[in-house]
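Below is the file protein.pdb, which contains PDB, C-alpha atoms.
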```pdb
MODEL        1
ATOM      1  CA  MET O  25      11.190  -1.056 -13.488  1.00  0.00           C
ATOM      2  CA  ILE O  26       8.684   0.349 -10.985  1.00  0.00           C
ATOM      3  CA  ASN O  27       7.331  -3.129 -10.313  1.00  0.00           C
ATOM      4  CA  LEU O  28      10.836  -4.413  -9.615  1.00  0.00           C
ATOM      5  CA  LEU O  29      11.363  -1.604  -7.103  1.00  0.00           C
ATOM      6  CA  PHE O  30       8.048  -2.475  -5.453  1.00  0.00           C
ATOM      7  CA  LEU O  31       9.001  -6.146  -5.251  1.00  0.00           C
ATOM      8  CA  LEU O  32      12.423  -5.217  -3.867  1.00  0.00           C
ATOM      9  CA  ALA O  33      10.743  -3.097  -1.184  1.00  0.00           C
ATOM     10  CA  ILE O  34       8.552  -6.058  -0.231  1.00  0.00           C
ATOM     11  CA  VAL O  35      11.467  -8.484  -0.141  1.00  0.00           C
ATOM     12  CA  VAL O  36      13.473  -6.150   2.107  1.00  0.00           C
ATOM     13  CA  ILE O  37      10.686  -5.605   4.706  1.00  0.00           C
ATOM     14  CA  PRO O  38      11.568  -8.622   6.887  1.00  0.00           C
ATOM     15  CA  TYR O  39      14.970  -7.101   7.682  1.00  0.00           C
ATOM     16  CA  PRO O  40      13.735  -3.854   9.267  1.00  0.00           C
ATOM     17  CA  VAL O  41      11.086  -5.880  11.081  1.00  0.00           C
ATOM     18  CA  ARG O  42      13.793  -8.147  12.498  1.00  0.00           C
ATOM     19  CA  VAL O  43      15.946  -5.164  13.481  1.00  0.00           C
ATOM     20  CA  TRP O  44      12.997  -3.564  15.257  1.00  0.00           C
ATOM     21  CA  CYS O  45      12.025  -6.784  17.041  1.00  0.00           C
ATOM     22  CA  PHE O  46      15.624  -7.411  18.093  1.00  0.00           C
ATOM     23  CA  HIS O  47      16.060  -3.889  19.506  1.00  0.00           C
ATOM     24  CA  TYR O  48      12.577  -3.471  20.995  1.00  0.00           C
ATOM     25  CA  GLY O  49      12.996  -2.226  24.554  1.00  0.00           C
ATOM     26  CA  THR O  50      16.695  -1.417  24.161  1.00  0.00           C
ATOM     27  CA  GLU O  51      18.504   1.878  23.784  1.00  0.00           C
ATOM     28  CA  PHE O  52      18.511   1.342  19.990  1.00  0.00           C
ATOM     29  CA  GLU O  53      14.727   1.061  19.694  1.00  0.00           C
ATOM     30  CA  PRO O  54      14.306   4.628  18.371  1.00  0.00           C
ATOM     31  CA  ILE O  55      16.691   3.997  15.466  1.00  0.00           C
ATOM     32  CA  ALA O  56      15.169   0.596  14.755  1.00  0.00           C
ATOM     33  CA  SER O  57      11.693   2.153  14.777  1.00  0.00           C
ATOM     34  CA  VAL O  58      12.673   4.764  12.212  1.00  0.00           C
ATOM     35  CA  ILE O  59      14.248   2.067  10.023  1.00  0.00           C
ATOM     36  CA  LEU O  60      11.076  -0.044  10.171  1.00  0.00           C
ATOM     37  CA  VAL O  61       8.691   2.824   9.477  1.00  0.00           C
ATOM     38  CA  ALA O  62      10.901   4.136   6.645  1.00  0.00           C
ATOM     39  CA  GLY O  63      10.945   0.671   5.073  1.00  0.00           C
ATOM     40  CA  LEU O  64       7.162   0.514   5.206  1.00  0.00           C
ATOM     41  CA  ALA O  65       6.927   4.028   3.735  1.00  0.00           C
ATOM     42  CA  VAL O  66       9.188   3.045   0.825  1.00  0.00           C
ATOM     43  CA  THR O  67       6.893   0.108   0.098  1.00  0.00           C
ATOM     44  CA  ALA O  68       3.855   2.402   0.123  1.00  0.00           C
ATOM     45  CA  CYS O  69       5.595   4.908  -2.155  1.00  0.00           C
ATOM     46  CA  THR O  70       6.555   2.266  -4.701  1.00  0.00           C
ATOM     47  CA  TRP O  71       2.960   0.987  -4.698  1.00  0.00           C
ATOM     48  CA  MET O  72       1.719   4.523  -5.399  1.00  0.00           C
ATOM     49  CA  ALA O  73       4.279   4.857  -8.183  1.00  0.00           C
ATOM     50  CA  LYS O  74       2.855   1.689  -9.749  1.00  0.00           C
ATOM     51  CA  TRP O  75      -0.685   3.001  -9.344  1.00  0.00           C
ATOM     52  CA  PHE O  76       0.143   6.368 -10.931  1.00  0.00           C
ATOM     53  CA  TYR O  77       1.983   4.645 -13.770  1.00  0.00           C
ATOM     54  CA  GLY O  78      -1.085   2.548 -14.570  1.00  0.00           C
ATOM     55  CA  MET O  79      -3.598   5.405 -14.402  1.00  0.00           C
ATOM     56  CA  PRO O  80      -2.862   7.645 -17.441  1.00  0.00           C
ATOM     57  CA  GLY O  81      -4.685   6.225 -20.422  1.00  0.00           C
ATOM     58  CA  ARG O  82      -5.510   3.222 -18.222  1.00  0.00           C
ATOM     59  CA  ARG O  83      -2.326   1.445 -19.275  1.00  0.00           C
ATOM     60  CA  VAL O  84      -2.933  -1.511 -17.004  1.00  0.00           C
ATOM     61  CA  MET O  85      -6.380  -0.738 -15.626  1.00  0.00           C
ATOM     62  CA  ASP O  86      -9.536  -2.417 -16.849  1.00  0.00           C
ATOM     63  CA  GLN O  87     -11.122   0.043 -19.275  1.00  0.00           C
ATOM     64  CA  ARG O  88     -14.559  -0.827 -17.885  1.00  0.00           C
ATOM     65  CA  LEU O  89     -13.864   0.404 -14.340  1.00  0.00           C
ATOM     66  CA  ALA O  90     -15.931   3.406 -13.333  1.00  0.00           C
ATOM     67  CA  PRO O  91     -13.941   6.656 -13.032  1.00  0.00           C
ATOM     68  CA  ASP O  92     -15.404   7.336  -9.555  1.00  0.00           C
ATOM     69  CA  PHE O  93     -14.155   3.932  -8.384  1.00  0.00           C
ATOM     70  CA  LEU O  94     -10.641   4.716  -9.628  1.00  0.00           C
ATOM     71  CA  ARG O  95     -10.735   8.111  -7.879  1.00  0.00           C
ATOM     72  CA  GLN O  96     -11.879   6.412  -4.664  1.00  0.00           C
ATOM     73  CA  MET O  97      -9.022   3.911  -4.833  1.00  0.00           C
ATOM     74  CA  THR O  98      -6.506   6.646  -5.662  1.00  0.00           C
ATOM     75  CA  ARG O  99      -7.632   8.601  -2.578  1.00  0.00           C
ATOM     76  CA  ARG O 100      -7.506   5.460  -0.459  1.00  0.00           C
ATOM     77  CA  TYR O 101      -3.977   4.548  -1.555  1.00  0.00           C
ATOM     78  CA  GLY O 102      -2.797   8.158  -1.496  1.00  0.00           C
ATOM     79  CA  ILE O 103      -3.983   8.804   2.042  1.00  0.00           C
ATOM     80  CA  ALA O 104      -2.402   5.556   3.224  1.00  0.00           C
ATOM     81  CA  THR O 105       0.896   6.515   1.580  1.00  0.00           C
ATOM     82  CA  LEU O 106       0.828   9.963   3.176  1.00  0.00           C
ATOM     83  CA  ILE O 107       0.137   8.387   6.574  1.00  0.00           C
ATOM     84  CA  GLN O 108       3.073   6.015   6.093  1.00  0.00           C
ATOM     85  CA  ILE O 109       5.352   8.913   5.135  1.00  0.00           C
ATOM     86  CA  GLY O 110       4.036  10.953   8.072  1.00  0.00           C
ATOM     87  CA  ALA O 111       4.788   8.079  10.424  1.00  0.00           C
ATOM     88  CA  VAL O 112       8.530   8.505   9.786  1.00  0.00           C
ATOM     89  CA  PRO O 113       8.900  11.864  11.580  1.00  0.00           C
ATOM     90  CA  ILE O 114       6.510  10.621  14.250  1.00  0.00           C
ATOM     91  CA  ALA O 115       8.833   7.640  14.792  1.00  0.00           C
ATOM     92  CA  VAL O 116      11.750  10.035  15.219  1.00  0.00           C
ATOM     93  CA  VAL O 117       9.944  11.859  18.044  1.00  0.00           C
ATOM     94  CA  ALA O 118       7.931   8.956  19.523  1.00  0.00           C
ATOM     95  CA  PRO O 119       9.258   5.613  18.219  1.00  0.00           C
ATOM     96  CA  ARG O 120       6.464   3.331  19.401  1.00  0.00           C
ATOM     97  CA  VAL O 121       3.735   5.721  18.273  1.00  0.00           C
ATOM     98  CA  GLY O 122       5.311   5.943  14.811  1.00  0.00           C
ATOM     99  CA  VAL O 123       5.450   2.166  14.526  1.00  0.00           C
ATOM    100  CA  ALA O 124       1.860   1.889  15.743  1.00  0.00           C
ATOM    101  CA  VAL O 125       0.658   4.413  13.153  1.00  0.00           C
ATOM    102  CA  ALA O 126       2.477   2.586  10.342  1.00  0.00           C
ATOM    103  CA  LEU O 127       1.209  -0.838  11.409  1.00  0.00           C
ATOM    104  CA  LEU O 128      -2.372   0.406  11.837  1.00  0.00           C
ATOM    105  CA  CYS O 129      -2.217   1.824   8.338  1.00  0.00           C
ATOM    106  CA  ILE O 130      -1.164  -1.595   7.030  1.00  0.00           C
ATOM    107  CA  ALA O 131      -3.882  -3.287   9.094  1.00  0.00           C
ATOM    108  CA  PHE O 132      -6.438  -1.031   7.385  1.00  0.00           C
ATOM    109  CA  PHE O 133      -5.739  -2.875   4.132  1.00  0.00           C
ATOM    110  CA  LEU O 134      -6.523  -6.205   5.772  1.00  0.00           C
ATOM    111  CA  LEU O 135     -10.147  -5.077   5.915  1.00  0.00           C
ATOM    112  CA  PRO O 136     -12.298  -6.028   2.927  1.00  0.00           C
ATOM    113  CA  GLN O 137     -11.586  -3.719  -0.001  1.00  0.00           C
ATOM    114  CA  PRO O 138     -14.349  -2.077  -2.049  1.00  0.00           C
ATOM    115  CA  LYS O 139     -15.743  -4.212  -4.840  1.00  0.00           C
ATOM    116  CA  PRO O 140     -14.914  -2.872  -8.290  1.00  0.00           C
ATOM    117  CA  ARG O 141     -17.581  -0.689  -9.846  1.00  0.00           C
ATOM    118  CA  TYR O 142     -17.931  -0.655 -13.592  1.00  0.00           C
ATOM    119  CA  VAL O 143     -19.323   1.733 -16.168  1.00  0.00           C
ATOM    120  CA  PRO O 144     -23.044   0.883 -16.517  1.00  0.00           C
ATOM    121  CA  GLY O 145     -23.591  -1.736 -19.185  1.00  0.00           C
ATOM    122  CA  GLU O 146     -19.931  -2.820 -19.235  1.00  0.00           C
ATOM    123  CA  GLU O 147     -19.872  -5.111 -16.215  1.00  0.00           C
ATOM    124  CA  PRO O 148     -17.913  -8.347 -16.671  1.00  0.00           C
ATOM    125  CA  ASP O 149     -19.935 -11.463 -17.386  1.00  0.00           C
ATOM    126  CA  GLU O 150     -20.165 -14.366 -14.919  1.00  0.00           C
ATOM    127  CA  ASP O 151     -17.284 -16.290 -16.545  1.00  0.00           C
ATOM    128  CA  GLU O 152     -14.939 -13.343 -16.039  1.00  0.00           C
ATOM    129  CA  LYS O 153     -16.072 -12.917 -12.440  1.00  0.00           C
ATOM    130  CA  LEU O 154     -15.334 -16.579 -11.709  1.00  0.00           C
ATOM    131  CA  LYS O 155     -11.775 -16.201 -13.057  1.00  0.00           C
ATOM    132  CA  GLU O 156     -11.064 -13.505 -10.459  1.00  0.00           C
TER
ENDMDL
END
```
Can the structure from this file be put into structure tokens for me?
Amino acid sequence: MINLLFLLAIVVIPYPVRVWCFHYGTEFEPIASVILVAGLAVTACTWMAKWFYGMPGRRVMDQRLAPDFLRQMTRRYGIATLIQIGAVPIAVVAPRVGVAVALLCIAFFLLPQPKPRYVPGEEPDEDEKLKE
């Protein structure tokens, strides 16, 4: 169910983007900015919900991943989600700044992500690495 909500949030994103682009520079830009930033925040929240669902007992996580790596990724995703949520009230006060904060947060994830770290002695073999 959480994954479906995440996918729905992704599918809906083009509509707030279009609204914002259409109203950029008009009197409705503040409202369009809040709609865009809120849509991006919903996507971030549903991603965090998926992440937290998969963490307990490592339901969907590779059992071999190092606990410090999982903590690092949880911090990374959590901070990004908080920034996205924080961008909503910023967009209410300063629409373009709020949009810039939200888009910069998304751009951060375009940078190369950390390589997975595994528990010593449990690294995947070369065949598994090639499948990734």
Could you write out as a ChimeraX atom specification the residues that the PyMOL selection byres ((chain O and resi 61) around 9) matches in the shown file? /O:40,56-60,62-66,108-109,111-112,115,122-123,125-127
Store the residues picked out above in a file with C-alpha atoms, as a PDB file, in the coordinates of the input.
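Listing of part.pdb after writing:
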```pdb
ATOM      1  CA  PRO O  40      13.735  -3.854   9.267  1.00  0.00           C
ATOM      2  CA  ALA O  56      15.169   0.596  14.755  1.00  0.00           C
ATOM      3  CA  SER O  57      11.693   2.153  14.777  1.00  0.00           C
ATOM      4  CA  VAL O  58      12.673   4.764  12.212  1.00  0.00           C
ATOM      5  CA  ILE O  59      14.248   2.067  10.023  1.00  0.00           C
ATOM      6  CA  LEU O  60      11.076  -0.044  10.171  1.00  0.00           C
ATOM      7  CA  ALA O  62      10.901   4.136   6.645  1.00  0.00           C
ATOM      8  CA  GLY O  63      10.945   0.671   5.073  1.00  0.00           C
ATOM      9  CA  LEU O  64       7.162   0.514   5.206  1.00  0.00           C
ATOM     10  CA  ALA O  65       6.927   4.028   3.735  1.00  0.00           C
ATOM     11  CA  VAL O  66       9.188   3.045   0.825  1.00  0.00           C
ATOM     12  CA  GLN O 108       3.073   6.015   6.093  1.00  0.00           C
ATOM     13  CA  ILE O 109       5.352   8.913   5.135  1.00  0.00           C
ATOM     14  CA  ALA O 111       4.788   8.079  10.424  1.00  0.00           C
ATOM     15  CA  VAL O 112       8.530   8.505   9.786  1.00  0.00           C
ATOM     16  CA  ALA O 115       8.833   7.640  14.792  1.00  0.00           C
ATOM     17  CA  GLY O 122       5.311   5.943  14.811  1.00  0.00           C
ATOM     18  CA  VAL O 123       5.450   2.166  14.526  1.00  0.00           C
ATOM     19  CA  VAL O 125       0.658   4.413  13.153  1.00  0.00           C
ATOM     20  CA  ALA O 126       2.477   2.586  10.342  1.00  0.00           C
ATOM     21  CA  LEU O 127       1.209  -0.838  11.409  1.00  0.00           C
TER      22      LEU O 127
END
```
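Among the candidates O:Pro54, O:Gly102, O:Pro140, O:Pro38, the residue lying nearest to Ala90 in chain O is O:Pro140 (atoms considered: only C-alpha atoms).
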Counting all atoms listed in the file, what is within 10 Å of range 67-70 of chain O, bar same-chain residues fewer than 3 positions away, as a PyMOL selection string? chain O and resi 26-37+61-64+73-76+101-102+104-109+130
With C-alpha atoms retained, write the just-selected residues as a compact mmCIF listing (two decimals), keeping the file's coordinate frame.
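Contents of out32.txt, as written:
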```
# COMPACT_ATOMS: atom_id res chain seq x y z
CA ILE O 26 8.68 0.35 -10.98
CA ASN O 27 7.33 -3.13 -10.31
CA LEU O 28 10.84 -4.41 -9.62
CA LEU O 29 11.36 -1.60 -7.10
CA PHE O 30 8.05 -2.48 -5.45
CA LEU O 31 9.00 -6.15 -5.25
CA LEU O 32 12.42 -5.22 -3.87
CA ALA O 33 10.74 -3.10 -1.18
CA ILE O 34 8.55 -6.06 -0.23
CA VAL O 35 11.47 -8.48 -0.14
CA VAL O 36 13.47 -6.15 2.11
CA ILE O 37 10.69 -5.60 4.71
CA VAL O 61 8.69 2.82 9.48
CA ALA O 62 10.90 4.14 6.64
CA GLY O 63 10.94 0.67 5.07
CA LEU O 64 7.16 0.51 5.21
CA ALA O 73 4.28 4.86 -8.18
CA LYS O 74 2.86 1.69 -9.75
CA TRP O 75 -0.68 3.00 -9.34
CA PHE O 76 0.14 6.37 -10.93
CA TYR O 101 -3.98 4.55 -1.56
CA GLY O 102 -2.80 8.16 -1.50
CA ALA O 104 -2.40 5.56 3.22
CA THR O 105 0.90 6.52 1.58
CA LEU O 106 0.83 9.96 3.18
CA ILE O 107 0.14 8.39 6.57
CA GLN O 108 3.07 6.02 6.09
CA ILE O 109 5.35 8.91 5.14
CA ILE O 130 -1.16 -1.60 7.03
```
Resolved residues for the PyMOL selection byres ((chain O and resi 142) around 10) as a ChimeraX atom specification: /O:86-94,139-141,143-148
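Separating CA of Pro119 in chain O from CA of His47 in chain O is a distance of 11.8 Å.
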So what do you get for CA of Thr98 in chain O versus CA of Cys129 in chain O, distance-wise? 15.4 Å
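Going from CA of Met97 in chain O to CA of Leu134 in chain O covers 14.9 Å.
Using all atoms listed in the file, the smallest distance between any of O:Ile55, O:Glu150, O:Pro136, O:Met79 and Val117 in chain O comes from O:Ile55.
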Would you fill out range 114-129 of chain O with N, CA and C atoms and return it as a PDB file, in the coordinates of the input?
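Listing of result_7.pdb after writing:
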```
ATOM      1  N   ILE O 114       7.107  10.983  12.958  1.00  0.00           N
ATOM      2  CA  ILE O 114       6.510  10.621  14.250  1.00  0.00           C
ATOM      3  C   ILE O 114       7.401   9.609  14.960  1.00  0.00           C
ATOM      4  N   ALA O 115       7.948   8.656  14.199  1.00  0.00           N
ATOM      5  CA  ALA O 115       8.833   7.640  14.792  1.00  0.00           C
ATOM      6  C   ALA O 115      10.118   8.258  15.321  1.00  0.00           C
ATOM      7  N   VAL O 116      10.548   9.354  14.719  1.00  0.00           N
ATOM      8  CA  VAL O 116      11.750  10.035  15.219  1.00  0.00           C
ATOM      9  C   VAL O 116      11.477  10.616  16.602  1.00  0.00           C
ATOM     10  N   VAL O 117      10.297  11.204  16.771  1.00  0.00           N
ATOM     11  CA  VAL O 117       9.944  11.859  18.044  1.00  0.00           C
ATOM     12  C   VAL O 117       9.432  10.853  19.069  1.00  0.00           C
ATOM     13  N   ALA O 118       8.540   9.955  18.627  1.00  0.00           N
ATOM     14  CA  ALA O 118       7.931   8.956  19.523  1.00  0.00           C
ATOM     15  C   ALA O 118       7.971   7.607  18.806  1.00  0.00           C
ATOM     16  N   PRO O 119       9.039   6.832  18.996  1.00  0.00           N
ATOM     17  CA  PRO O 119       9.258   5.613  18.219  1.00  0.00           C
ATOM     18  C   PRO O 119       8.087   4.626  18.213  1.00  0.00           C
ATOM     19  N   ARG O 120       7.539   4.324  19.358  1.00  0.00           N
ATOM     20  CA  ARG O 120       6.464   3.331  19.401  1.00  0.00           C
ATOM     21  C   ARG O 120       5.174   3.854  18.773  1.00  0.00           C
ATOM     22  N   VAL O 121       4.924   5.124  18.899  1.00  0.00           N
ATOM     23  CA  VAL O 121       3.735   5.721  18.273  1.00  0.00           C
ATOM     24  C   VAL O 121       3.886   5.672  16.757  1.00  0.00           C
ATOM     25  N   GLY O 122       5.072   5.999  16.252  1.00  0.00           N
ATOM     26  CA  GLY O 122       5.311   5.943  14.811  1.00  0.00           C
ATOM     27  C   GLY O 122       5.117   4.547  14.250  1.00  0.00           C
ATOM     28  N   VAL O 123       5.627   3.553  14.962  1.00  0.00           N
ATOM     29  CA  VAL O 123       5.450   2.166  14.526  1.00  0.00           C
ATOM     30  C   VAL O 123       3.977   1.790  14.577  1.00  0.00           C
ATOM     31  N   ALA O 124       3.289   2.205  15.630  1.00  0.00           N
ATOM     32  CA  ALA O 124       1.860   1.889  15.743  1.00  0.00           C
ATOM     33  C   ALA O 124       1.061   2.515  14.603  1.00  0.00           C
ATOM     34  N   VAL O 125       1.362   3.752  14.258  1.00  0.00           N
ATOM     35  CA  VAL O 125       0.658   4.413  13.153  1.00  0.00           C
ATOM     36  C   VAL O 125       0.898   3.658  11.854  1.00  0.00           C
ATOM     37  N   ALA O 126       2.150   3.301  11.582  1.00  0.00           N
ATOM     38  CA  ALA O 126       2.477   2.586  10.342  1.00  0.00           C
ATOM     39  C   ALA O 126       1.805   1.217  10.297  1.00  0.00           C
ATOM     40  N   LEU O 127       1.813   0.494  11.393  1.00  0.00           N
ATOM     41  CA  LEU O 127       1.209  -0.838  11.409  1.00  0.00           C
ATOM     42  C   LEU O 127      -0.315  -0.770  11.333  1.00  0.00           C
ATOM     43  N   LEU O 128      -0.918   0.239  11.950  1.00  0.00           N
ATOM     44  CA  LEU O 128      -2.372   0.406  11.837  1.00  0.00           C
ATOM     45  C   LEU O 128      -2.773   0.742  10.402  1.00  0.00           C
ATOM     46  N   CYS O 129      -1.947   1.504   9.738  1.00  0.00           N
ATOM     47  CA  CYS O 129      -2.217   1.824   8.338  1.00  0.00           C
ATOM     48  C   CYS O 129      -2.180   0.554   7.488  1.00  0.00           C
TER      49      CYS O 129
END
```
